[in-house]
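This is target23.txt (compact mmCIF, C-alpha atoms).
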# COMPACT_ATOMS: atom_id res chain seq x y z
CA GLU A 1 -25.38 8.45 13.23
CA ASN A 2 -21.94 7.65 14.59
CA VAL A 3 -21.82 9.19 18.07
CA LEU A 4 -18.36 10.21 19.29
CA THR A 5 -17.75 10.29 23.05
CA GLN A 6 -14.69 12.15 24.28
CA SER A 7 -13.03 11.56 27.63
CA PRO A 8 -12.21 12.98 29.99
CA GLY A 9 -14.43 16.03 29.82
CA THR A 10 -11.73 18.10 31.47
CA LEU A 11 -8.02 17.38 31.84
CA SER A 12 -6.11 19.43 34.44
CA LEU A 13 -2.38 19.36 33.75
CA SER A 14 0.74 21.48 34.12
CA PRO A 15 2.94 22.80 31.30
CA GLY A 16 5.47 20.18 30.30
CA GLU A 17 3.18 17.27 31.15
CA ARG A 18 1.80 14.74 28.69
CA ALA A 19 -1.87 14.93 27.68
CA THR A 20 -3.80 11.92 26.43
CA LEU A 21 -7.26 12.59 25.01
CA SER A 22 -9.64 9.79 24.07
CA CYS A 23 -12.46 9.60 21.55
CA ARG A 24 -14.70 6.53 21.28
CA ALA A 25 -17.08 5.98 18.36
CA SER A 26 -20.39 4.16 18.65
CA GLN A 27 -19.74 2.52 15.25
CA THR A 28 -16.55 1.50 13.52
CA VAL A 29 -14.93 4.34 11.58
CA SER A 30 -13.92 2.90 8.23
CA SER A 31 -10.48 3.58 6.82
CA THR A 32 -8.67 6.59 8.28
CA PHE A 33 -11.42 9.21 8.15
CA PHE A 34 -10.72 10.78 11.53
CA ALA A 35 -9.59 14.26 12.57
CA TRP A 36 -8.82 16.42 15.62
CA TYR A 37 -9.30 20.17 16.08
CA GLN A 38 -8.24 22.75 18.66
CA LEU A 39 -10.63 25.54 19.68
CA LYS A 40 -9.78 28.63 21.70
CA PRO A 41 -12.28 31.36 22.64
CA GLY A 42 -12.48 34.11 20.04
CA GLN A 43 -10.12 32.35 17.66
CA ALA A 44 -10.64 30.35 14.51
CA PRO A 45 -10.62 26.61 15.17
CA ARG A 46 -7.46 24.86 14.00
CA LEU A 47 -7.08 21.50 12.28
CA LEU A 48 -4.46 19.44 14.12
CA ILE A 49 -4.70 15.91 12.77
CA HIS A 50 -6.44 14.25 9.80
CA GLY A 51 -6.38 10.70 8.48
CA VAL A 52 -6.06 9.52 12.13
CA SER A 53 -2.36 10.39 12.41
CA SER A 54 -1.33 12.97 9.79
CA ARG A 55 -0.40 16.34 11.23
CA ALA A 56 -1.85 19.34 9.45
CA THR A 57 0.43 21.98 7.98
CA GLY A 58 2.33 23.88 10.66
CA ILE A 59 1.29 21.66 13.56
CA PRO A 60 4.23 20.91 15.88
CA ASP A 61 5.33 17.32 16.32
CA ARG A 62 4.36 17.25 20.00
CA PHE A 63 0.83 16.58 18.67
CA SER A 64 0.18 13.01 17.52
CA GLY A 65 -2.89 10.98 16.66
CA SER A 66 -3.47 7.25 16.75
CA GLY A 67 -6.20 4.64 16.83
CA SER A 68 -8.52 2.61 14.68
CA ALA A 69 -12.05 1.21 14.45
CA THR A 70 -13.82 2.76 17.46
CA ASP A 71 -10.99 4.06 19.65
CA PHE A 72 -8.86 7.08 18.83
CA THR A 73 -6.33 9.10 20.81
CA LEU A 74 -4.77 12.54 20.57
CA THR A 75 -1.52 12.86 22.48
CA ILE A 76 0.29 16.09 23.31
CA SER A 77 3.74 14.97 24.42
CA ARG A 78 4.73 18.09 26.41
CA LEU A 79 2.13 20.75 27.01
CA GLU A 80 3.08 24.28 26.04
CA PRO A 81 1.17 27.29 27.48
CA GLU A 82 -0.58 27.81 24.12
CA ASP A 83 -1.95 24.23 24.14
CA PHE A 84 -4.53 24.88 26.86
CA ALA A 85 -7.74 24.80 24.87
CA VAL A 86 -10.71 22.60 23.96
CA TYR A 87 -10.12 19.70 21.60
CA TYR A 88 -12.71 18.02 19.37
CA CYS A 89 -12.57 14.78 17.43
CA GLN A 90 -14.44 14.26 14.16
CA GLN A 91 -15.25 11.26 11.97
CA TYR A 92 -15.88 11.78 8.29
CA ALA A 93 -16.34 8.18 7.19
CA GLY A 94 -20.09 8.12 7.57
CA SER A 95 -22.98 10.44 6.87
CA PRO A 96 -23.63 12.63 8.68
CA LEU A 97 -20.11 13.50 9.70
CA THR A 98 -20.04 13.95 13.47
CA PHE A 99 -17.97 15.59 16.18
CA GLY A 100 -17.29 14.61 19.74
CA GLY A 101 -18.40 16.71 22.70
CA GLY A 102 -14.93 18.04 23.40
CA THR A 103 -12.18 17.74 26.02
CA LYS A 104 -11.02 20.86 27.80
CA VAL A 105 -7.32 20.88 28.68
CA GLU A 106 -6.87 23.36 31.51
CA ILE A 107 -3.91 24.54 33.53
CA LYS A 108 -3.59 22.76 36.86
CA GLU B 1 -3.12 36.31 4.09
CA LEU B 2 -4.87 32.96 4.20
CA GLN B 3 -8.12 33.57 6.06
CA LEU B 4 -11.88 33.31 6.28
CA VAL B 5 -13.93 36.10 7.84
CA ASP B 6 -17.48 35.23 8.80
CA SER B 7 -20.04 37.90 9.56
CA GLY B 8 -23.75 38.72 9.64
CA GLY B 9 -24.75 37.27 12.98
CA GLY B 10 -27.04 39.03 15.42
CA LEU B 11 -30.26 38.87 17.42
CA VAL B 12 -33.35 37.75 15.53
CA GLN B 13 -36.85 36.77 16.64
CA PRO B 14 -38.18 33.22 16.23
CA GLY B 15 -39.49 32.79 12.71
CA GLY B 16 -37.18 35.49 11.40
CA SER B 17 -34.40 35.41 8.83
CA LEU B 18 -30.71 36.21 8.73
CA ARG B 19 -27.99 35.99 6.09
CA LEU B 20 -24.46 35.07 7.06
CA SER B 21 -21.43 35.85 4.90
CA CYS B 22 -17.96 34.35 4.66
CA ALA B 23 -15.20 36.28 2.90
CA ALA B 24 -12.18 34.31 1.75
CA SER B 25 -8.67 35.52 0.97
CA GLY B 26 -5.23 34.12 0.34
CA PHE B 27 -6.26 31.12 -1.77
CA THR B 28 -8.06 30.26 -5.02
CA PHE B 29 -11.56 30.26 -3.59
CA LYS B 30 -13.36 28.73 -6.58
CA THR B 31 -11.34 25.51 -6.34
CA TYR B 32 -12.48 24.64 -2.82
CA GLY B 33 -15.67 23.24 -1.38
CA MET B 34 -16.91 25.16 1.63
CA HIS B 35 -18.92 24.34 4.72
CA TRP B 36 -20.92 25.93 7.51
CA ILE B 37 -20.54 24.46 10.99
CA ARG B 38 -22.17 25.67 14.19
CA GLN B 39 -21.72 25.36 17.95
CA ALA B 40 -24.67 25.93 20.26
CA PRO B 41 -23.94 27.30 23.74
CA GLY B 42 -22.39 24.59 25.89
CA LYS B 43 -22.62 22.04 23.09
CA GLY B 44 -20.30 20.43 20.58
CA LEU B 45 -19.79 21.21 16.91
CA GLU B 46 -22.48 20.43 14.34
CA TRP B 47 -21.93 20.37 10.57
CA ILE B 48 -24.85 22.00 8.78
CA SER B 49 -24.10 22.60 5.10
CA TYR B 50 -21.67 22.12 2.20
CA ILE B 51 -21.29 23.67 -1.24
CA ASN B 52 -18.79 22.59 -3.89
CA GLY B 53 -16.56 24.95 -5.86
CA THR B 54 -18.95 25.38 -8.77
CA ALA B 55 -22.05 25.60 -6.55
CA ASN B 56 -23.85 22.76 -8.33
CA ILE B 57 -23.64 20.40 -5.36
CA LYS B 58 -25.14 21.35 -2.00
CA TYR B 59 -25.84 19.32 1.11
CA TYR B 60 -27.66 20.11 4.33
CA ALA B 61 -28.03 18.55 7.76
CA ASP B 62 -31.54 17.32 8.49
CA SER B 63 -31.83 19.91 11.27
CA VAL B 64 -31.73 22.81 8.77
CA LYS B 65 -32.97 21.24 5.52
CA GLY B 66 -35.74 23.29 3.93
CA ARG B 67 -34.99 26.35 6.10
CA PHE B 68 -31.37 27.21 5.31
CA SER B 69 -29.82 27.80 1.89
CA ILE B 70 -26.11 27.87 1.07
CA SER B 71 -24.67 29.80 -1.87
CA ARG B 72 -21.43 31.33 -3.09
CA ASP B 73 -20.15 34.06 -5.40
CA ASN B 74 -16.72 33.09 -6.70
CA ALA B 75 -16.22 36.52 -8.29
CA LYS B 76 -16.45 38.01 -4.80
CA ASN B 77 -14.60 35.15 -3.03
CA SER B 78 -17.59 34.83 -0.76
CA MET B 79 -20.00 32.24 0.58
CA TYR B 80 -23.38 32.81 2.18
CA LEU B 81 -25.91 31.09 4.42
CA GLN B 82 -29.50 32.29 4.16
CA MET B 83 -31.33 31.23 7.31
CA ASN B 84 -35.13 31.36 7.35
CA SER B 85 -37.77 30.25 9.85
CA LEU B 86 -35.24 30.53 12.64
CA ARG B 87 -35.84 28.70 15.90
CA ALA B 88 -34.43 29.08 19.41
CA GLU B 89 -32.40 25.91 18.85
CA ASP B 90 -30.58 27.61 15.96
CA THR B 91 -28.85 29.85 18.49
CA ALA B 92 -25.14 29.19 18.03
CA VAL B 93 -21.80 30.47 16.85
CA TYR B 94 -21.66 29.81 13.11
CA TYR B 95 -18.32 29.07 11.47
CA CYS B 96 -17.45 28.94 7.81
CA ALA B 97 -14.78 26.40 6.97
CA ARG B 98 -12.83 25.25 3.95
CA ASP B 99 -12.91 21.62 2.87
CA PHE B 100 -9.42 20.09 2.79
CA GLY B 101 -10.10 19.16 -0.80
CA CYS B 102 -8.55 16.55 -3.06
CA GLY B 103 -7.61 18.42 -6.20
CA GLY B 104 -10.63 17.29 -8.13
CA ALA B 105 -10.10 13.60 -7.37
CA CYS B 106 -13.14 13.46 -5.10
CA GLU B 107 -16.23 15.47 -4.31
CA ALA B 108 -14.98 16.54 -0.89
CA ASN B 109 -12.75 15.33 1.89
CA TRP B 110 -15.23 16.25 4.61
CA PHE B 111 -12.75 17.68 7.08
CA PHE B 112 -11.79 21.31 7.49
CA ASP B 113 -8.36 22.90 7.20
CA LEU B 114 -9.26 26.60 7.46
CA TRP B 115 -11.94 28.19 9.64
CA GLY B 116 -13.35 31.61 10.33
CA ARG B 117 -13.56 32.98 13.86
CA GLY B 118 -17.32 32.53 13.92
CA THR B 119 -20.34 34.80 14.11
CA LEU B 120 -22.96 34.56 16.85
CA VAL B 121 -26.62 34.06 15.95
CA THR B 122 -29.13 34.47 18.78
CA VAL B 123 -32.76 33.55 18.17
CA SER B 124 -34.92 34.98 20.93
CA SER B 125 -37.99 37.09 21.48
Go ahead and render the structure in this file as structure tokens.
Amino acid sequence: ENVLTQSPGTLSLSPGERATLSCRASQTVSSTFFAWYQLKPGQAPRLLIHGVSSRATGIPDRFSGSGSATDFTLTISRLEPEDFAVYYCQQYAGSPLTFGGGTKVEIK
Amino acid sequence: ELQLVDSGGGLVQPGGSLRLSCAASGFTFKTYGMHWIRQAPGKGLEWISYINGTANIKYYADSVKGRFSISRDNAKNSMYLQMNSLRAEDTAVYYCARDFGCGGACEANWFFDLWGRGTLVTVSS
């Protein structure tokens, strides 16, 4: 099983700041089978990024994804109030597909 | 409106059963594979089951294989998860989710572009 480790566990930032979230895989993720999701309490999770760097429909361009092999990054260029949430990475190259443990982005 | 509404959660005793439902609207349900994903309290997300559009392909995580059964009724735009022999470690919020799909070019894409809000299952005596 490909274990995904997200860091930091919590990121305390102010609106307007840049957020950089990391996800490290225990095994190489082949091709571009990597995604990011946003979760807020009581809401349906939202797909942000798939294929490492492709934004999902309706996702603003302040969200960007990058990386390869075992190291992947989600960047939020300028935090908006609605961006404070928990973010999860996912690899879907290997079976079973796996998720990271999450990074909480909280208001400083 | 494009949405998934999951329901059926509740409190059940260890060894008991529960059936979750997922109602879809706003898209052609029968053309999409569907998944169940769960999140235990304080833990990350865990994929548990998949069913393709015609319901002839089903997959399960090892943690639920032999106890859970996924199904769908395309006439009702609905998917189900029958959960038997429930254990304390099955306590979680259960989400239904739509596979991104690939227009028939592949079995599934294995990531999820539409989710329900989740339904809480608590297994406790």
### Message
Given only C-alpha atoms as the basis, pick out the residue of A:Leu39, A:Thr98, A:Thr57, A:Pro8 nearest to Ser26 (chain A).
### Response
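Going through A:Leu39, A:Thr98, A:Thr57, A:Pro8 one by one, the smallest distance to Ser26 (chain A) is for A:Thr98.
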Taking only C-alpha atoms into account and nothing else, which residues of chain B lie no more than 9 Å away from chain A? Please answer as a list of chain:residue names.
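Written out as asked, the residues are B:Leu4, B:Lys43, B:Gly44, B:Leu45, B:Glu46, B:Trp47, B:Ala61, B:Tyr95, B:Asn109, B:Trp110, B:Phe111, B:Phe112, B:Asp113, B:Leu114, B:Trp115, B:Gly116, B:Arg117, B:Gly118.
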Writer output for current selection, C-alpha atoms, as a CSV table (one decimal), in the coordinates of the input:
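The resulting file, part.csv, is reproduced below:
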chain,number,residue,atom,x,y,z
B,4,LEU,CA,-11.9,33.3,6.3
B,43,LYS,CA,-22.6,22.0,23.1
B,44,GLY,CA,-20.3,20.4,20.6
B,45,LEU,CA,-19.8,21.2,16.9
B,46,GLU,CA,-22.5,20.4,14.3
B,47,TRP,CA,-21.9,20.4,10.6
B,61,ALA,CA,-28.0,18.6,7.8
B,95,TYR,CA,-18.3,29.1,11.5
B,109,ASN,CA,-12.8,15.3,1.9
B,110,TRP,CA,-15.2,16.2,4.6
B,111,PHE,CA,-12.8,17.7,7.1
B,112,PHE,CA,-11.8,21.3,7.5
B,113,ASP,CA,-8.4,22.9,7.2
B,114,LEU,CA,-9.3,26.6,7.5
B,115,TRP,CA,-11.9,28.2,9.6
B,116,GLY,CA,-13.4,31.6,10.3
B,117,ARG,CA,-13.6,33.0,13.9
B,118,GLY,CA,-17.3,32.5,13.9
- Task: Tell me, as JSON, numbers by chain, which residues lie within 12 Å of Tyr60 (chain B), counting all atoms listed in the file; anything in the same chain fewer than 5 positions away does not count.
- Result: {"A": [95, 96, 97], "B": [35, 36, 37, 46, 47, 48, 49, 50, 51, 65, 66, 67, 68, 69, 70, 71, 81]}
Just need the box for region 55-63 of chain B, edges along x, y and z, holding every atom the file lists for it with 4 Å tacked onto each side, so centre and edge lengths in Å to one decimal, as lines of an AutoDock Vina configuration file.
center_x = -26.9
center_y = 21.5
center_z = 1.5
size_x = 17.8
size_y = 16.3
size_z = 27.6
- Message: Can you pull out the residues contacting Lys104 (chain A)? Cut-off 7 Å, using all atoms listed in the file, and skip same-chain residues under 2 positions away; I want them as an MDAnalysis selection string.
- Response: chainID A and resid 9:11 85:87 102 106
* To do: Find the residues near Phe27 (chain B): any atom within 9 Å, counting all atoms listed in the file, skip ones fewer than 2 places away on the same chain, and give them as a ChimeraX atom specification.
  => /B:1-3,24-25,29-31
Anything within 10 Å of (-21.3, 39.3, 8.9): list those residues as a PDB file with C-alpha atoms, in the coordinates of the input, counting all atoms listed in the file and sticking to the file's coordinates.
ATOM      1  CA  VAL B   5     -13.930  36.100   7.840  1.00  0.00           C
ATOM      2  CA  ASP B   6     -17.480  35.230   8.800  1.00  0.00           C
ATOM      3  CA  SER B   7     -20.040  37.900   9.560  1.00  0.00           C
ATOM      4  CA  GLY B   8     -23.750  38.720   9.640  1.00  0.00           C
ATOM      5  CA  GLY B   9     -24.750  37.270  12.980  1.00  0.00           C
ATOM      6  CA  GLY B  10     -27.040  39.030  15.420  1.00  0.00           C
ATOM      7  CA  LEU B  18     -30.710  36.210   8.730  1.00  0.00           C
ATOM      8  CA  ARG B  19     -27.990  35.990   6.090  1.00  0.00           C
ATOM      9  CA  LEU B  20     -24.460  35.070   7.060  1.00  0.00           C
ATOM     10  CA  SER B  21     -21.430  35.850   4.900  1.00  0.00           C
ATOM     11  CA  CYS B  22     -17.960  34.350   4.660  1.00  0.00           C
ATOM     12  CA  ALA B  23     -15.200  36.280   2.900  1.00  0.00           C
ATOM     13  CA  TYR B  80     -23.380  32.810   2.180  1.00  0.00           C
ATOM     14  CA  GLY B 118     -17.320  32.530  13.920  1.00  0.00           C
ATOM     15  CA  THR B 119     -20.340  34.800  14.110  1.00  0.00           C
ATOM     16  CA  LEU B 120     -22.960  34.560  16.850  1.00  0.00           C
TER      17      LEU B 120
END
request  = Do a neighbour search on region 69-72 of chain A at 9 Å with all atoms listed in the file, toss out local chain neighbours closer than 2 positions, and write the hits as number ranges by chain.
outcome  = A: 4, 21-32, 34, 52, 65-67, 74, 89
Worksheet item: Any idea what the distance is between CA of Thr103 (chain A) and CA of Asp61 (chain A)?
Response: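 Computing the Euclidean distance for CA of Thr103 (chain A) and CA of Asp61 (chain A) yields 20.0 Å.
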CA of Leu13 (chain A) to CA of Ser64 (chain A), straight-line distance in Å: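 CA of Leu13 (chain A) lies 17.6 Å from CA of Ser64 (chain A).
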